[in-house]
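Everything below concerns the one structure shown next.
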Amino acid sequence: MKLSNTKVLAFSAGKIPPALCTTSGSTHKLKAPAINTPQDDPPTSDDTSDESSDDSESTNQSQPEAGAGQMDEEDEDAMVMVKIQKNSNGSRHRMKAGDFEADSKDILVTATSIFCCLIVTRVPFPDTIAVETMLGKEAWHEACQMKGIDVKLTPLAVKMLLKRTSHVRGELKTKMRSLTRSFFGFRSSDLREVIRDNRDLAESLKDGSSFVFKDWTAKTGIYKTELLQDGINVMWFANRSDEGIVHNKYFNPMPIKVIALTLTAIECCIDEWLQGIKEDIKFTAATYGSVYQTHLSSLQRFDERTAPYKLLERICDNLHDVARFHAGVETLTKVSDGSRISDEAFEDAIREHQLQEEDGNEDRPS
């Protein structure tokens with residue numbers, strides 16, 4: 001199908017044209033099959049529970065409004081068909097991003113990435129579905145602008161986007177778990193001494209949120225812990241193609257909500273060692289939404305108290321710059337300074353030219 005410059009596509013699996021399914025001369029409409037969210041790299045078996053449990057929590061909340069999936073006849077005519085495949089037994093399989101036409105799939109993948117950025121930088125623990133839906137619409141609109149295609153956002157697409165809210169939190173928790181364990185030195189053992197050390201360490205790190213300091217024993221270097229930087233690096237700035245680089249405008253400077261979310265994930269990982277033996281604790285909104293708000297409030301108070309010195313602003317700028325460096329991207333200022341020719345070089349060129357003229361005048365016959 002050849003489209004004009006202003007391609008208008010309707011992204012929908014909510015209705016299948018009657019012409020595709022007839023029985024005994026009469027037409028009937030099929031219900032859209034359920035949708036699976038796009039899959040990321042599979043987590044390790046030890047970490048699967050974090051993402052799956054949090055996803056189930058949001059699934060019950062993230063339902064489209066009744067009647068929102070109805071389409072008029074014009075929408076049906078302009079609809080891009082979904083490539084529904086059948087299994088060997090004739091049943092339809094659960095849908096995923098790959099089941100949609102190329103243009104619609106491209107928009108969905110891009111919008112999903114943008115939506116995850118909006119969640120972590122604006123509302124990591126949304127209070128209502130309306131807030132999530134608003135961010136989903138914004139992400140979809142921006143994805144359409146980036147690709148130069150106008151694809152209609154439907155309830156099914158919204159549902160796929162909203163499922164990513166809890167998933168992105170679970171992904172962060174999964175990545176922070178091993179980082180936190182090695183950074184603070186928690187050990188797995190059945191020895192009473194080791195169990196006691198783990199418990200004492202976890203309690204000391206939790207006391208006054210000592211883990212946010214660079215030196216958690218002396219409590220110096222607030223919000224300068226290297227673990228915070230490591231978490232941001234691996235989650236959003238792993239390489240040049242990661243979200244922190246591709247959608248850099250959301251992370252420059254580093255939002256304090258990203259800092260608060262990362263600190264909350266670290267605290268959840270520390271909580272898993274409070275009994276001395278590692279246990280699985282779900283990183284859910286019900287349990288850690290209030291913990292996030294506490295970290296966010298502390299960051300805001302820190303910013304207010306140190307406003308004349310702009311300490312938090314400097315911390316945010318540094319977190320972003322170091323993360324970009326970790327991803328293999330030099331900042332523009334550094335590239336510019338490195339390639340800039342100095343004034344001294346110009347002066348040397350002038351002196352060189354003057355010497356050449358003097359030597360030429362001496363060689364000329366009088």
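Each chain of the structure tokens is named A, B, ... in the order shown, its residues numbered from 1; ligands are numbered from 1 in display order.
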
Q: Fewer than 4 positions away in the same chain doesn't count, so skip those; otherwise give me all residues within 12 Å of Gln145 (chain A), counting only C-alpha atoms, as a list in words.
A: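 Near neighbours after the sequence-gap exclusion: Thr6, Lys7, Ile107, Thr110, Ala111, Glu138, Ala139, Trp140, His141, Ile149, Asp150 and Val151 of chain A.
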
Output for the residues just chosen: N, CA and C atoms as a compact mmCIF listing (two decimals), in the first residue's frame:
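Resulting contents of out-v3.txt:
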# COMPACT_ATOMS: atom_id res chain seq x y z
N THR A 6 1.55 12.57 4.02
CA THR A 6 0.87 12.68 5.33
C THR A 6 0.12 11.38 5.57
N LYS A 7 0.90 10.33 5.80
CA LYS A 7 0.30 9.02 5.98
C LYS A 7 -0.50 8.97 7.28
N ILE A 107 6.24 2.52 15.32
CA ILE A 107 5.73 3.54 16.23
C ILE A 107 5.60 2.97 17.64
N THR A 110 9.07 2.65 19.35
CA THR A 110 9.60 3.96 19.72
C THR A 110 8.81 4.58 20.86
N ALA A 111 7.49 4.49 20.80
CA ALA A 111 6.64 5.06 21.85
C ALA A 111 6.88 4.36 23.18
N GLU A 138 1.36 11.17 25.23
CA GLU A 138 2.49 12.04 24.90
C GLU A 138 3.60 11.26 24.20
N ALA A 139 3.87 10.07 24.69
CA ALA A 139 4.92 9.23 24.09
C ALA A 139 4.54 8.84 22.67
N TRP A 140 3.28 8.47 22.47
CA TRP A 140 2.81 8.07 21.14
C TRP A 140 2.89 9.23 20.16
N HIS A 141 2.48 10.41 20.61
CA HIS A 141 2.50 11.59 19.74
C HIS A 141 3.93 11.93 19.32
N ILE A 149 4.97 9.87 10.73
CA ILE A 149 3.75 9.13 10.39
C ILE A 149 2.71 9.38 11.47
N ASP A 150 1.45 9.56 11.05
CA ASP A 150 0.38 9.76 12.01
C ASP A 150 -0.39 8.45 12.17
N VAL A 151 -0.09 7.71 13.25
CA VAL A 151 -0.74 6.43 13.52
C VAL A 151 -1.70 6.62 14.69

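Residues of region 134-357 of chain A that DSSP places in strand (DSSP E or B), based on the backbone of this structure, are Asp150, Val151, Lys152, Phe213, Lys214, Asp215, Thr220, Gly221 and Ile222 of chain A.
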
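The residue set within 10 Å of Arg314 (chain A), counting only C-alpha atoms and dropping same-chain residues fewer than 6 places from it, reads Pro253, Met254 and His320 of chain A.
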
Q.
So that I can check the secondary structure, give me every residue of region 65-311 of chain A assigned alpha helix (DSSP H) by backbone DSSP, as number ranges by chain.
A. A: 73-78, 102-122, 129-147, 155-162, 164-184, 192-206, 226-236, 243-246, 256-271, 285-305, 311

Excluding Leu296 (chain A) and any residue of its chain fewer than 3 positions from it, enumerate the residues within 10 Å of it, using only C-alpha atoms, and give them as a CSV table (one decimal) with all heavy atoms, in the first residue's frame.
chain,number,residue,atom,x,y,z
A,256,ILE,N,15.9,14.8,39.4
A,256,ILE,CA,16.0,14.3,40.8
A,256,ILE,C,15.0,13.1,41.0
A,256,ILE,O,15.3,12.3,41.9
A,256,ILE,CB,15.7,15.4,41.8
A,256,ILE,CG1,14.2,15.9,41.7
A,256,ILE,CG2,16.7,16.6,41.7
A,256,ILE,CD1,13.8,16.9,42.8
A,257,LYS,N,14.0,13.0,40.2
A,257,LYS,CA,13.1,11.8,40.3
A,257,LYS,C,13.8,10.6,39.9
A,257,LYS,O,13.5,9.5,40.4
A,257,LYS,CB,11.8,12.1,39.5
A,257,LYS,CG,11.0,13.2,40.1
A,257,LYS,CD,9.7,13.4,39.3
A,257,LYS,CE,8.9,14.6,40.0
A,257,LYS,NZ,7.6,14.8,39.3
A,258,VAL,N,14.7,10.6,38.9
A,258,VAL,CA,15.5,9.5,38.6
A,258,VAL,C,16.4,9.1,39.7
A,258,VAL,O,16.6,7.9,40.0
A,258,VAL,CB,16.3,9.8,37.3
A,258,VAL,CG1,17.3,8.6,37.0
A,258,VAL,CG2,15.4,9.9,36.1
A,259,ILE,N,17.0,10.1,40.4
A,259,ILE,CA,17.9,9.9,41.5
A,259,ILE,C,17.1,9.2,42.6
A,259,ILE,O,17.5,8.2,43.2
A,259,ILE,CB,18.5,11.2,42.0
A,259,ILE,CG1,19.4,11.8,40.9
A,259,ILE,CG2,19.4,11.0,43.2
A,259,ILE,CD1,20.0,13.2,41.2
A,260,ALA,N,15.9,9.8,42.9
A,260,ALA,CA,15.1,9.2,44.0
A,260,ALA,C,14.7,7.8,43.7
A,260,ALA,O,14.7,6.9,44.6
A,260,ALA,CB,13.9,10.1,44.2
A,261,LEU,N,14.3,7.5,42.5
A,261,LEU,CA,13.9,6.2,42.1
A,261,LEU,C,15.1,5.2,42.2
A,261,LEU,O,14.9,4.1,42.7
A,261,LEU,CB,13.4,6.2,40.6
A,261,LEU,CG,13.0,4.8,40.1
A,261,LEU,CD1,11.9,4.2,40.9
A,261,LEU,CD2,12.6,4.9,38.6
A,263,LEU,N,17.7,5.5,44.2
A,263,LEU,CA,18.0,5.3,45.6
A,263,LEU,C,16.9,4.3,46.3
A,263,LEU,O,17.2,3.5,47.1
A,263,LEU,CB,18.0,6.6,46.3
A,263,LEU,CG,19.1,7.6,46.0
A,263,LEU,CD1,18.9,8.9,46.7
A,263,LEU,CD2,20.5,7.0,46.3
A,264,THR,N,15.7,4.4,45.8
A,264,THR,CA,14.6,3.6,46.3
A,264,THR,C,14.9,2.1,46.0
A,264,THR,O,14.7,1.2,46.8
A,264,THR,CB,13.3,4.0,45.8
A,264,THR,OG1,13.0,5.4,46.1
A,264,THR,CG2,12.1,3.2,46.4
A,290,SER,N,5.9,4.9,49.0
A,290,SER,CA,6.1,5.9,50.1
A,290,SER,C,7.6,6.1,50.3
A,290,SER,O,8.0,7.2,50.7
A,290,SER,CB,5.4,5.4,51.4
A,290,SER,OG,5.9,4.1,51.8
A,291,VAL,N,8.4,5.0,50.1
A,291,VAL,CA,9.9,5.1,50.3
A,291,VAL,C,10.4,6.1,49.3
A,291,VAL,O,11.3,6.9,49.6
A,291,VAL,CB,10.5,3.8,50.2
A,291,VAL,CG1,12.0,3.9,50.3
A,291,VAL,CG2,10.0,2.8,51.3
A,292,TYR,N,9.9,6.0,48.0
A,292,TYR,CA,10.3,6.9,47.0
A,292,TYR,C,10.0,8.3,47.3
A,292,TYR,O,10.8,9.2,47.1
A,292,TYR,CB,9.6,6.5,45.7
A,292,TYR,CG,9.6,7.6,44.6
A,292,TYR,CD1,10.8,7.8,43.9
A,292,TYR,CD2,8.5,8.4,44.4
A,292,TYR,CE1,10.8,8.8,42.9
A,292,TYR,CE2,8.5,9.4,43.5
A,292,TYR,CZ,9.7,9.6,42.7
A,292,TYR,OH,9.7,10.6,41.8
A,293,GLN,N,8.8,8.6,47.8
A,293,GLN,CA,8.4,9.9,48.2
A,293,GLN,C,9.3,10.5,49.3
A,293,GLN,O,9.6,11.7,49.3
A,293,GLN,CB,6.9,9.9,48.7
A,293,GLN,CG,5.9,9.7,47.6
A,293,GLN,CD,6.0,10.8,46.5
A,293,GLN,OE1,6.3,11.9,46.8
A,293,GLN,NE2,5.5,10.4,45.3
A,299,LEU,N,15.7,14.9,48.8
A,299,LEU,CA,16.4,15.6,47.8
A,299,LEU,C,15.9,17.1,47.6
A,299,LEU,O,16.8,18.0,47.4
A,299,LEU,CB,16.3,14.9,46.5
A,299,LEU,CG,17.1,13.6,46.3
A,299,LEU,CD1,16.5,12.7,45.2
A,299,LEU,CD2,18.5,13.9,46.0
A,300,GLN,N,14.6,17.3,47.7
A,300,GLN,CA,14.1,18.6,47.5
A,300,GLN,C,14.5,19.5,48.7
A,300,GLN,O,14.8,20.7,48.5
A,300,GLN,CB,12.6,18.5,47.4
A,300,GLN,CG,12.1,17.9,46.1
A,300,GLN,CD,10.6,17.6,46.1
A,300,GLN,OE1,10.0,17.5,47.1
A,300,GLN,NE2,10.0,17.5,44.9
A,301,ARG,N,14.5,19.0,49.9
A,301,ARG,CA,14.9,19.7,51.1
A,301,ARG,C,16.4,20.1,51.0
A,301,ARG,O,16.9,21.1,51.3
A,301,ARG,CB,14.6,19.0,52.4
A,301,ARG,CG,13.2,18.9,52.7
A,301,ARG,CD,12.9,18.4,54.1
A,301,ARG,NE,13.3,17.0,54.2
A,301,ARG,CZ,14.3,16.6,54.9
A,301,ARG,NH1,15.1,17.5,55.6
A,301,ARG,NH2,14.6,15.3,55.0
A,302,PHE,N,17.2,19.1,50.5
A,302,PHE,CA,18.6,19.3,50.3
A,302,PHE,C,18.9,20.4,49.3
A,302,PHE,O,19.8,21.3,49.5
A,302,PHE,CB,19.3,18.0,49.8
A,302,PHE,CG,20.7,18.2,49.4
A,302,PHE,CD1,21.7,18.4,50.4
A,302,PHE,CD2,21.1,18.1,48.1
A,302,PHE,CE1,23.1,18.5,50.0
A,302,PHE,CE2,22.4,18.2,47.7
A,302,PHE,CZ,23.4,18.4,48.7

(Q) Ranking A:Phe115, A:Phe283, A:Trp236, A:Trp216 by minimum distance to Phe184 (chain A) and counting only C-alpha atoms, which one comes first? (A) A:Trp216
